[in-house]
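Visitor: Before we start, here is the structure in question, set down as structure tokens.
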Amino acid sequence: MSGKLAKAKGFKKSKPGTYLSIGTTLFGAVSVVKQAKKAKAEQDKLQLVDAVVSAAAIVTGVALLIRELRRLGDDDVLAG
């Protein structure tokens, strides 16, 4: 669920939930690394491009989650 949709529905994200999301996203990186190694061994350029694009998506996703953690931290400071 996107951040905007979560806010519109009244859901509040939590730090533990965000950490869990980061962990599962990084766990997906393991399969991307395996895919890239296999593509390189088979000299499959299309599969290698797919692995690179998937890796970029993982990096972007983690960056968004880290930004969300920072925002949650800012909310805590302002609330106190």
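All residue names refer to the structure tokens as shown: chains lettered A, B, ... in order, residues numbered from 1 in each chain, ligands numbered from 1 in order.
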Do you know which residues are at most 12 Å from range 45-56 of chain A counting only C-alpha atoms, after dropping those on the same chain fewer than 5 positions away, and could you put them as a VMD selection string?

Guide: chain A and resid 25 to 40 61 to 63

Visitor: Would you export the selected residues with N, CA and C atoms as a CSV table (one decimal), in the first residue's frame, please?

Guide:
```csv
chain,number,residue,atom,x,y,z
A,25,THR,N,12.7,-6.6,1.3
A,25,THR,CA,13.2,-6.1,0.0
A,25,THR,C,14.6,-6.5,-0.2
A,26,LEU,N,15.4,-6.4,0.8
A,26,LEU,CA,16.9,-6.8,0.7
A,26,LEU,C,17.0,-8.3,0.5
A,27,PHE,N,16.1,-9.0,1.0
A,27,PHE,CA,16.1,-10.5,0.8
A,27,PHE,C,15.9,-10.8,-0.7
A,28,GLY,N,15.0,-10.0,-1.3
A,28,GLY,CA,14.8,-10.2,-2.7
A,28,GLY,C,16.1,-9.9,-3.6
A,29,ALA,N,17.0,-9.1,-3.0
A,29,ALA,CA,18.2,-8.8,-3.7
A,29,ALA,C,19.1,-10.1,-3.9
A,30,VAL,N,18.9,-11.1,-3.0
A,30,VAL,CA,19.7,-12.3,-3.1
A,30,VAL,C,19.3,-13.0,-4.4
A,31,SER,N,18.0,-13.1,-4.8
A,31,SER,CA,17.6,-13.7,-6.0
A,31,SER,C,18.1,-12.9,-7.2
A,32,VAL,N,18.1,-11.6,-7.1
A,32,VAL,CA,18.6,-10.8,-8.2
A,32,VAL,C,20.1,-11.0,-8.5
A,33,VAL,N,20.9,-11.2,-7.4
A,33,VAL,CA,22.3,-11.5,-7.6
A,33,VAL,C,22.5,-12.8,-8.2
A,34,LYS,N,21.7,-13.8,-7.8
A,34,LYS,CA,21.8,-15.1,-8.4
A,34,LYS,C,21.4,-15.1,-9.9
A,35,GLN,N,20.4,-14.3,-10.2
A,35,GLN,CA,20.0,-14.1,-11.6
A,35,GLN,C,21.1,-13.5,-12.4
A,36,ALA,N,21.7,-12.5,-11.9
A,36,ALA,CA,22.8,-11.8,-12.6
A,36,ALA,C,24.0,-12.7,-12.8
A,37,LYS,N,24.3,-13.5,-11.8
A,37,LYS,CA,25.4,-14.5,-12.0
A,37,LYS,C,25.1,-15.5,-13.1
A,38,LYS,N,23.9,-16.0,-13.0
A,38,LYS,CA,23.5,-17.0,-14.0
A,38,LYS,C,23.5,-16.4,-15.4
A,39,ALA,N,23.0,-15.2,-15.5
A,39,ALA,CA,23.0,-14.5,-16.8
A,39,ALA,C,24.4,-14.3,-17.4
A,40,LYS,N,25.3,-13.9,-16.5
A,40,LYS,CA,26.7,-13.7,-16.9
A,40,LYS,C,27.3,-15.0,-17.3
A,61,GLY,N,13.4,1.1,-4.0
A,61,GLY,CA,12.5,0.7,-2.9
A,61,GLY,C,13.1,0.9,-1.5
A,62,VAL,N,14.3,0.5,-1.4
A,62,VAL,CA,15.0,0.7,-0.1
A,62,VAL,C,15.1,2.1,0.3
A,63,ALA,N,15.5,2.9,-0.7
A,63,ALA,CA,15.6,4.4,-0.5
A,63,ALA,C,14.3,5.0,-0.1
```

Visitor: Rounded to one decimal in Å, what is the spacing between CA of Ile66 in chain A and CA of Thr18 in chain A?

Guide: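 Between these atoms lies a distance of 8.2 Å.
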
Visitor: Could you check how far CA of Leu20 in chain A sits from CA of Ile58 in chain A, in Å to one decimal?

Guide: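 Separation of CA of Leu20 in chain A and CA of Ile58 in chain A: 14.3 Å.
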
Visitor: Considering only C-alpha atoms, state which residue in the set A:Ser21, A:Ala57, A:Glu42, A:Ser14 is at the smallest distance from Gly73 in chain A.

Guide: A:Ser14

Visitor: Measure the distance from CA of Lys13 in chain A to CA of Leu65 in chain A in Å and round it to one decimal.

Guide: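 Interatomic distance, CA of Lys13 in chain A to CA of Leu65 in chain A: 10.7 Å.
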